[in-house]
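Structure below is work04.pdb: PDB, C-alpha atoms.
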```pdb
ATOM      1  CA  MET A 222       0.000   0.000   0.000  1.00  0.00           C
ATOM      2  CA  HIS A 223       1.330   3.435  -0.947  1.00  0.00           C
ATOM      3  CA  HIS A 224       0.239   6.679   0.711  1.00  0.00           C
ATOM      4  CA  TYR A 225       0.715  10.224  -0.522  1.00  0.00           C
ATOM      5  CA  ARG A 226      -0.144  12.740   2.214  1.00  0.00           C
ATOM      6  CA  ASN A 227       0.015  16.498   2.628  1.00  0.00           C
ATOM      7  CA  THR A 228       1.201  17.104  -0.918  1.00  0.00           C
ATOM      8  CA  THR A 229       0.807  20.274  -2.971  1.00  0.00           C
ATOM      9  CA  ALA A 230       1.706  20.507  -6.646  1.00  0.00           C
ATOM     10  CA  THR A 231       1.368  23.297  -9.180  1.00  0.00           C
ATOM     11  CA  GLY A 232       1.239  22.687 -12.941  1.00  0.00           C
ATOM     12  CA  THR A 233       2.677  19.197 -12.778  1.00  0.00           C
ATOM     13  CA  SER A 234       1.747  15.772 -14.075  1.00  0.00           C
ATOM     14  CA  LEU A 235       2.063  12.680 -11.911  1.00  0.00           C
ATOM     15  CA  GLN A 236       2.567   9.614 -14.077  1.00  0.00           C
ATOM     16  CA  ARG A 237       2.778   6.235 -12.441  1.00  0.00           C
ATOM     17  CA  SER A 238       0.995   2.956 -12.714  1.00  0.00           C
ATOM     18  CA  ARG A 239       0.014   1.733  -9.269  1.00  0.00           C
ATOM     19  CA  THR A 240      -2.432  -0.357  -7.339  1.00  0.00           C
ATOM     20  CA  HIS A 241      -3.588   0.182  -3.762  1.00  0.00           C
ATOM     21  CA  VAL A 242      -2.663   3.851  -3.420  1.00  0.00           C
ATOM     22  CA  THR A 243      -4.206   6.386  -1.058  1.00  0.00           C
ATOM     23  CA  PHE A 244      -3.948  10.118  -1.704  1.00  0.00           C
ATOM     24  CA  SER A 245      -4.780  12.106   1.425  1.00  0.00           C
ATOM     25  CA  ASN A 246      -4.675  15.898   1.705  1.00  0.00           C
ATOM     26  CA  VAL A 247      -3.221  16.222  -1.812  1.00  0.00           C
ATOM     27  CA  HIS A 248      -3.813  19.574  -3.504  1.00  0.00           C
ATOM     28  CA  LEU A 249      -3.167  20.138  -7.204  1.00  0.00           C
ATOM     29  CA  ALA A 250      -3.286  23.617  -8.755  1.00  0.00           C
ATOM     30  CA  MET A 251      -3.246  23.065 -12.489  1.00  0.00           C
ATOM     31  CA  PRO A 252      -3.011  25.702 -15.235  1.00  0.00           C
ATOM     32  CA  GLY A 253      -6.112  24.430 -17.096  1.00  0.00           C
ATOM     33  CA  GLY A 254      -7.164  26.084 -20.336  1.00  0.00           C
ATOM     34  CA  HIS A 255      -7.875  22.949 -22.399  1.00  0.00           C
ATOM     35  CA  ALA A 256     -10.984  22.381 -24.482  1.00  0.00           C
ATOM     36  CA  PRO A 257     -13.227  19.352 -23.897  1.00  0.00           C
ATOM     37  CA  MET A 258     -11.785  16.200 -25.388  1.00  0.00           C
ATOM     38  CA  SER A 259     -12.706  12.577 -25.758  1.00  0.00           C
ATOM     39  CA  THR A 260     -12.971  10.780 -22.435  1.00  0.00           C
ATOM     40  CA  GLY A 261     -11.995   7.505 -24.096  1.00  0.00           C
ATOM     41  CA  VAL A 262      -8.650   5.800 -23.624  1.00  0.00           C
ATOM     42  CA  PRO A 263      -5.944   7.936 -25.296  1.00  0.00           C
ATOM     43  CA  THR A 264      -4.016   6.443 -28.185  1.00  0.00           C
ATOM     44  CA  ASP A 265      -0.726   4.898 -27.168  1.00  0.00           C
ATOM     45  CA  ASN A 266       1.930   4.576 -29.854  1.00  0.00           C
ATOM     46  CA  GLY A 267       3.333   1.464 -28.174  1.00  0.00           C
ATOM     47  CA  ASP A 268       6.571   2.874 -26.772  1.00  0.00           C
ATOM     48  CA  TYR A 269       5.252   2.744 -23.152  1.00  0.00           C
ATOM     49  CA  ASN A 270       6.259   6.355 -22.582  1.00  0.00           C
ATOM     50  CA  PRO A 271       3.493   8.203 -20.655  1.00  0.00           C
ATOM     51  CA  ASN A 272       4.246  11.407 -22.587  1.00  0.00           C
ATOM     52  CA  SER A 273       3.540   9.663 -25.898  1.00  0.00           C
ATOM     53  CA  ILE A 274      -0.230   9.829 -25.399  1.00  0.00           C
ATOM     54  CA  GLY A 275      -0.292  13.628 -25.258  1.00  0.00           C
ATOM     55  CA  THR A 276      -2.877  15.638 -23.342  1.00  0.00           C
ATOM     56  CA  ARG A 277      -4.768  13.538 -20.817  1.00  0.00           C
ATOM     57  CA  PRO A 278      -8.577  13.455 -20.800  1.00  0.00           C
ATOM     58  CA  ALA A 279      -8.634  14.834 -17.209  1.00  0.00           C
ATOM     59  CA  PHE A 280      -6.952  17.927 -15.788  1.00  0.00           C
ATOM     60  CA  GLY A 281      -6.285  16.355 -12.369  1.00  0.00           C
ATOM     61  CA  PHE A 282      -5.893  12.576 -12.468  1.00  0.00           C
ATOM     62  CA  TYR A 283      -6.438  10.216 -15.382  1.00  0.00           C
ATOM     63  CA  LEU A 284      -6.434   6.639 -14.069  1.00  0.00           C
ATOM     64  CA  HIS A 285      -6.344   3.633 -16.395  1.00  0.00           C
ATOM     65  CA  ASN A 286      -6.177  -0.044 -15.378  1.00  0.00           C
ATOM     66  CA  VAL A 287      -6.037   0.717 -11.651  1.00  0.00           C
ATOM     67  CA  THR A 288      -7.236  -1.046  -8.521  1.00  0.00           C
ATOM     68  CA  GLY A 289      -7.595   0.276  -5.008  1.00  0.00           C
ATOM     69  CA  ILE A 290      -7.081   4.009  -5.588  1.00  0.00           C
ATOM     70  CA  HIS A 291      -8.474   6.317  -2.901  1.00  0.00           C
ATOM     71  CA  PHE A 292      -8.591  10.137  -2.754  1.00  0.00           C
ATOM     72  CA  MET A 293      -9.405  11.666   0.641  1.00  0.00           C
ATOM     73  CA  ASN A 294      -9.742  15.319   1.684  1.00  0.00           C
ATOM     74  CA  SER A 295      -7.935  16.629  -1.361  1.00  0.00           C
ATOM     75  CA  SER A 296      -8.476  19.250  -4.065  1.00  0.00           C
ATOM     76  CA  PHE A 297      -7.862  19.487  -7.801  1.00  0.00           C
ATOM     77  CA  GLU A 298      -8.279  23.016  -9.119  1.00  0.00           C
ATOM     78  CA  PHE A 299      -7.401  24.915 -12.277  1.00  0.00           C
ATOM     79  CA  SER A 300      -6.558  28.583 -12.725  1.00  0.00           C
ATOM     80  CA  LYS A 301      -8.088  28.831 -16.223  1.00  0.00           C
ATOM     81  CA  ASN A 302     -11.401  27.198 -17.169  1.00  0.00           C
ATOM     82  CA  ASP A 303     -10.805  23.656 -18.471  1.00  0.00           C
ATOM     83  CA  GLY A 304     -13.162  21.451 -20.473  1.00  0.00           C
ATOM     84  CA  ARG A 305     -11.837  18.213 -18.989  1.00  0.00           C
ATOM     85  CA  PRO A 306     -13.046  16.534 -15.783  1.00  0.00           C
ATOM     86  CA  ALA A 307     -10.973  16.656 -12.593  1.00  0.00           C
ATOM     87  CA  ILE A 308     -10.776  12.858 -12.340  1.00  0.00           C
ATOM     88  CA  LEU A 309     -11.379  10.168 -14.923  1.00  0.00           C
ATOM     89  CA  ALA A 310     -10.949   6.520 -13.907  1.00  0.00           C
ATOM     90  CA  ASN A 311     -11.078   4.119 -16.825  1.00  0.00           C
ATOM     91  CA  THR A 312     -11.024   0.329 -16.342  1.00  0.00           C
ATOM     92  CA  GLY A 313     -10.306  -1.218 -12.980  1.00  0.00           C
ATOM     93  CA  GLY A 314     -11.897  -1.417  -9.593  1.00  0.00           C
ATOM     94  CA  ASN A 315     -12.228  -0.117  -6.065  1.00  0.00           C
ATOM     95  CA  VAL A 316     -11.801   3.627  -6.671  1.00  0.00           C
ATOM     96  CA  SER A 317     -13.108   6.079  -4.074  1.00  0.00           C
ATOM     97  CA  VAL A 318     -13.257   9.847  -3.835  1.00  0.00           C
ATOM     98  CA  SER A 319     -14.269  11.378  -0.494  1.00  0.00           C
ATOM     99  CA  GLY A 320     -14.025  14.910   0.817  1.00  0.00           C
ATOM    100  CA  MET A 321     -12.735  16.127  -2.556  1.00  0.00           C
ATOM    101  CA  THR A 322     -12.991  19.716  -3.812  1.00  0.00           C
ATOM    102  CA  VAL A 323     -12.745  20.106  -7.589  1.00  0.00           C
ATOM    103  CA  SER A 324     -12.915  22.912 -10.110  1.00  0.00           C
ATOM    104  CA  SER A 325     -15.860  22.435 -12.437  1.00  0.00           C
ATOM    105  CA  GLY A 326     -15.211  23.410 -16.051  1.00  0.00           C
ATOM    106  CA  SER A 327     -18.097  25.153 -17.781  1.00  0.00           C
ATOM    107  CA  ASN A 328     -17.655  22.949 -20.882  1.00  0.00           C
ATOM    108  CA  SER A 329     -16.606  19.667 -19.267  1.00  0.00           C
ATOM    109  CA  PRO A 330     -19.053  16.760 -19.613  1.00  0.00           C
ATOM    110  CA  PHE A 331     -18.704  15.926 -15.885  1.00  0.00           C
ATOM    111  CA  ASP A 332     -16.360  16.570 -12.934  1.00  0.00           C
ATOM    112  CA  ILE A 333     -15.593  13.005 -11.777  1.00  0.00           C
ATOM    113  CA  GLY A 334     -15.961  10.037 -14.122  1.00  0.00           C
ATOM    114  CA  PHE A 335     -15.889   6.270 -13.776  1.00  0.00           C
ATOM    115  CA  GLN A 336     -15.739   4.077 -16.887  1.00  0.00           C
ATOM    116  CA  GLY A 337     -15.652   0.321 -16.397  1.00  0.00           C
ATOM    117  CA  ILE A 338     -14.802   0.644 -12.697  1.00  0.00           C
ATOM    118  CA  ALA A 339     -16.013  -2.277 -10.573  1.00  0.00           C
ATOM    119  CA  GLY A 340     -16.767  -0.660  -7.224  1.00  0.00           C
ATOM    120  CA  TYR A 341     -16.527   3.126  -7.086  1.00  0.00           C
ATOM    121  CA  CYS A 342     -17.633   5.480  -4.333  1.00  0.00           C
ATOM    122  CA  THR A 343     -18.008   9.238  -3.870  1.00  0.00           C
ATOM    123  CA  ALA A 344     -18.900  10.970  -0.593  1.00  0.00           C
ATOM    124  CA  GLY A 345     -18.812  14.517   0.722  1.00  0.00           C
ATOM    125  CA  ASP A 346     -17.334  16.014  -2.430  1.00  0.00           C
ATOM    126  CA  LYS A 347     -17.905  19.598  -3.623  1.00  0.00           C
ATOM    127  CA  THR A 348     -16.935  22.003  -6.349  1.00  0.00           C
ATOM    128  CA  THR A 349     -14.903  25.133  -5.691  1.00  0.00           C
ATOM    129  CA  SER A 350     -18.151  27.120  -6.080  1.00  0.00           C
ATOM    130  CA  GLY A 351     -19.775  25.050  -3.313  1.00  0.00           C
ATOM    131  CA  GLY A 352     -21.958  22.828  -5.503  1.00  0.00           C
ATOM    132  CA  THR A 353     -22.011  19.070  -5.866  1.00  0.00           C
ATOM    133  CA  PRO A 354     -19.652  17.615  -8.500  1.00  0.00           C
ATOM    134  CA  ARG A 355     -21.225  16.106 -11.604  1.00  0.00           C
ATOM    135  CA  VAL A 356     -20.425  12.374 -11.513  1.00  0.00           C
ATOM    136  CA  SER A 357     -20.598  10.139 -14.578  1.00  0.00           C
ATOM    137  CA  ALA A 358     -20.518   6.346 -14.334  1.00  0.00           C
ATOM    138  CA  THR A 359     -20.677   4.344 -17.558  1.00  0.00           C
ATOM    139  CA  ALA A 360     -19.577   1.178 -19.323  1.00  0.00           C
ATOM    140  CA  GLY A 361     -19.722  -1.459 -16.612  1.00  0.00           C
ATOM    141  CA  SER A 362     -19.145   0.766 -13.593  1.00  0.00           C
ATOM    142  CA  THR A 363     -20.767  -0.351 -10.355  1.00  0.00           C
ATOM    143  CA  SER A 364     -21.179   1.695  -7.218  1.00  0.00           C
ATOM    144  CA  ALA A 365     -19.857   0.522  -3.873  1.00  0.00           C
ATOM    145  CA  THR A 366     -21.132   1.364  -0.424  1.00  0.00           C
ATOM    146  CA  GLY A 367     -19.126   3.422   2.025  1.00  0.00           C
ATOM    147  CA  CYS A 368     -16.022   5.350   1.080  1.00  0.00           C
TER     148      CYS A 368
END
```
Target format structure tokens, applied to this file:
Amino acid sequence: MHHYRNTTATGTSLQRSRTHVTFSNVHLAMPGGHAPMSTGVPTDNGDYNPNSIGTRPAFGFYLHNVTGIHFMNSSFEFSKNDGRPAILANTGGNVSVSGMTVSSGSNSPFDIGFQGIAGYCTAGDKTTSGGTPRVSATAGSTSATGC
């Protein structure tokens, strides 16, 4: 189990493939400014270099093929309106988001998305304007009880 606690990052991209990771009190301030884009799996040219897929479909965290990822009491914000969601989890299981504050892009399709995630959970999340984040769950996603 890996834990990332009390972390602040500005304009950075974290790129790792992990299972069973907890992010607690992690705050990302991203530049934003991207238009909406496909929320499907980005094209990979086969060289296994994370930079090869270009702009990610989420401004905060894009998670693909993950299991046991948990975000607690954290925030993902942008300084310029962004059309991408804060979090997009695609394929995997056991992903939870609780006590999260996210920026909500005026053109983004949703704020937190789960695609093909077996067992996801959201609880106590809000947008930077105080509203409730728009959550999208599609393509085989199933909700779990208790974050």
Selection result for the PyMOL selection byres ((chain A and resi 281) around 10) on this file, as an MDAnalysis selection string: chainID A and resid 232:235 248:251 253 277:280 282:284 296:299 305:309 323:324 333
Kindly save the residues from that selection, with C-alpha atoms included, as a PDB file, keeping the file's coordinate frame.
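The result, written out as out_31.pdb:
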```
ATOM      1  CA  GLY A 232       1.239  22.687 -12.941  1.00  0.00           C
ATOM      2  CA  THR A 233       2.677  19.197 -12.778  1.00  0.00           C
ATOM      3  CA  SER A 234       1.747  15.772 -14.075  1.00  0.00           C
ATOM      4  CA  LEU A 235       2.063  12.680 -11.911  1.00  0.00           C
ATOM      5  CA  HIS A 248      -3.813  19.574  -3.504  1.00  0.00           C
ATOM      6  CA  LEU A 249      -3.167  20.138  -7.204  1.00  0.00           C
ATOM      7  CA  ALA A 250      -3.286  23.617  -8.755  1.00  0.00           C
ATOM      8  CA  MET A 251      -3.246  23.065 -12.489  1.00  0.00           C
ATOM      9  CA  GLY A 253      -6.112  24.430 -17.096  1.00  0.00           C
ATOM     10  CA  ARG A 277      -4.768  13.538 -20.817  1.00  0.00           C
ATOM     11  CA  PRO A 278      -8.577  13.455 -20.800  1.00  0.00           C
ATOM     12  CA  ALA A 279      -8.634  14.834 -17.209  1.00  0.00           C
ATOM     13  CA  PHE A 280      -6.952  17.927 -15.788  1.00  0.00           C
ATOM     14  CA  PHE A 282      -5.893  12.576 -12.468  1.00  0.00           C
ATOM     15  CA  TYR A 283      -6.438  10.216 -15.382  1.00  0.00           C
ATOM     16  CA  LEU A 284      -6.434   6.639 -14.069  1.00  0.00           C
ATOM     17  CA  SER A 296      -8.476  19.250  -4.065  1.00  0.00           C
ATOM     18  CA  PHE A 297      -7.862  19.487  -7.801  1.00  0.00           C
ATOM     19  CA  GLU A 298      -8.279  23.016  -9.119  1.00  0.00           C
ATOM     20  CA  PHE A 299      -7.401  24.915 -12.277  1.00  0.00           C
ATOM     21  CA  ARG A 305     -11.837  18.213 -18.989  1.00  0.00           C
ATOM     22  CA  PRO A 306     -13.046  16.534 -15.783  1.00  0.00           C
ATOM     23  CA  ALA A 307     -10.973  16.656 -12.593  1.00  0.00           C
ATOM     24  CA  ILE A 308     -10.776  12.858 -12.340  1.00  0.00           C
ATOM     25  CA  LEU A 309     -11.379  10.168 -14.923  1.00  0.00           C
ATOM     26  CA  VAL A 323     -12.745  20.106  -7.589  1.00  0.00           C
ATOM     27  CA  SER A 324     -12.915  22.912 -10.110  1.00  0.00           C
ATOM     28  CA  ILE A 333     -15.593  13.005 -11.777  1.00  0.00           C
TER      29      ILE A 333
END
```
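Running the PyMOL selection byres ((chain A and resi 337) around 6) on this file leaves Asn311, Thr312, Gln336, Ile338, Ala360, Gly361 and Ser362 of chain A selected.
Minimum atom-to-atom distances from A:Ser350, A:Thr243, A:Ser329, A:Gly289 to A:Asn315 were compared using all atoms listed in the file, and the lowest value belongs to A:Gly289.
Residues matched by the PyMOL selection byres ((chain A and resi 345) around 8) in this file are Ser319, Gly320, Met321, Thr343, Ala344, Asp346 and Lys347 of chain A.
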Please dump the current selection as a tab-separated table (two decimals), keeping the file's coordinate frame; keep C-alpha atoms.
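Saved the output as result.tsv:
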```
chain	number	residue	atom	x	y	z
A	319	SER	CA	-14.27	11.38	-0.49
A	320	GLY	CA	-14.02	14.91	0.82
A	321	MET	CA	-12.74	16.13	-2.56
A	343	THR	CA	-18.01	9.24	-3.87
A	344	ALA	CA	-18.90	10.97	-0.59
A	346	ASP	CA	-17.33	16.01	-2.43
A	347	LYS	CA	-17.90	19.60	-3.62
```
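The residue that comes closest to A:Pro354, out of A:Asn246, A:Thr322, A:Asn294, A:Asp303 and on the basis of all atoms listed in the file, is A:Thr322.
From atom CA of A:Asp332 back to atom CA of A:Ser357, the distance works out to 7.9 Å.
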Rounded to one decimal in Å, what is the spacing between atom CA of A:Thr288 and atom CA of A:Cys342? 13.0 Å
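When the distance limit is 9 Å and only C-alpha atoms are what count, the residues near A:Gly304, minus those fewer than 4 positions from it on the same chain, are Gly253, Gly254, His255, Ala256, Pro257, Met258, Ala279, Phe280, Ser325, Gly326, Ser327, Asn328, Ser329 and Pro330 of chain A.
Going from atom CA of A:Phe335 to atom CA of A:Lys301 covers 24.0 Å.
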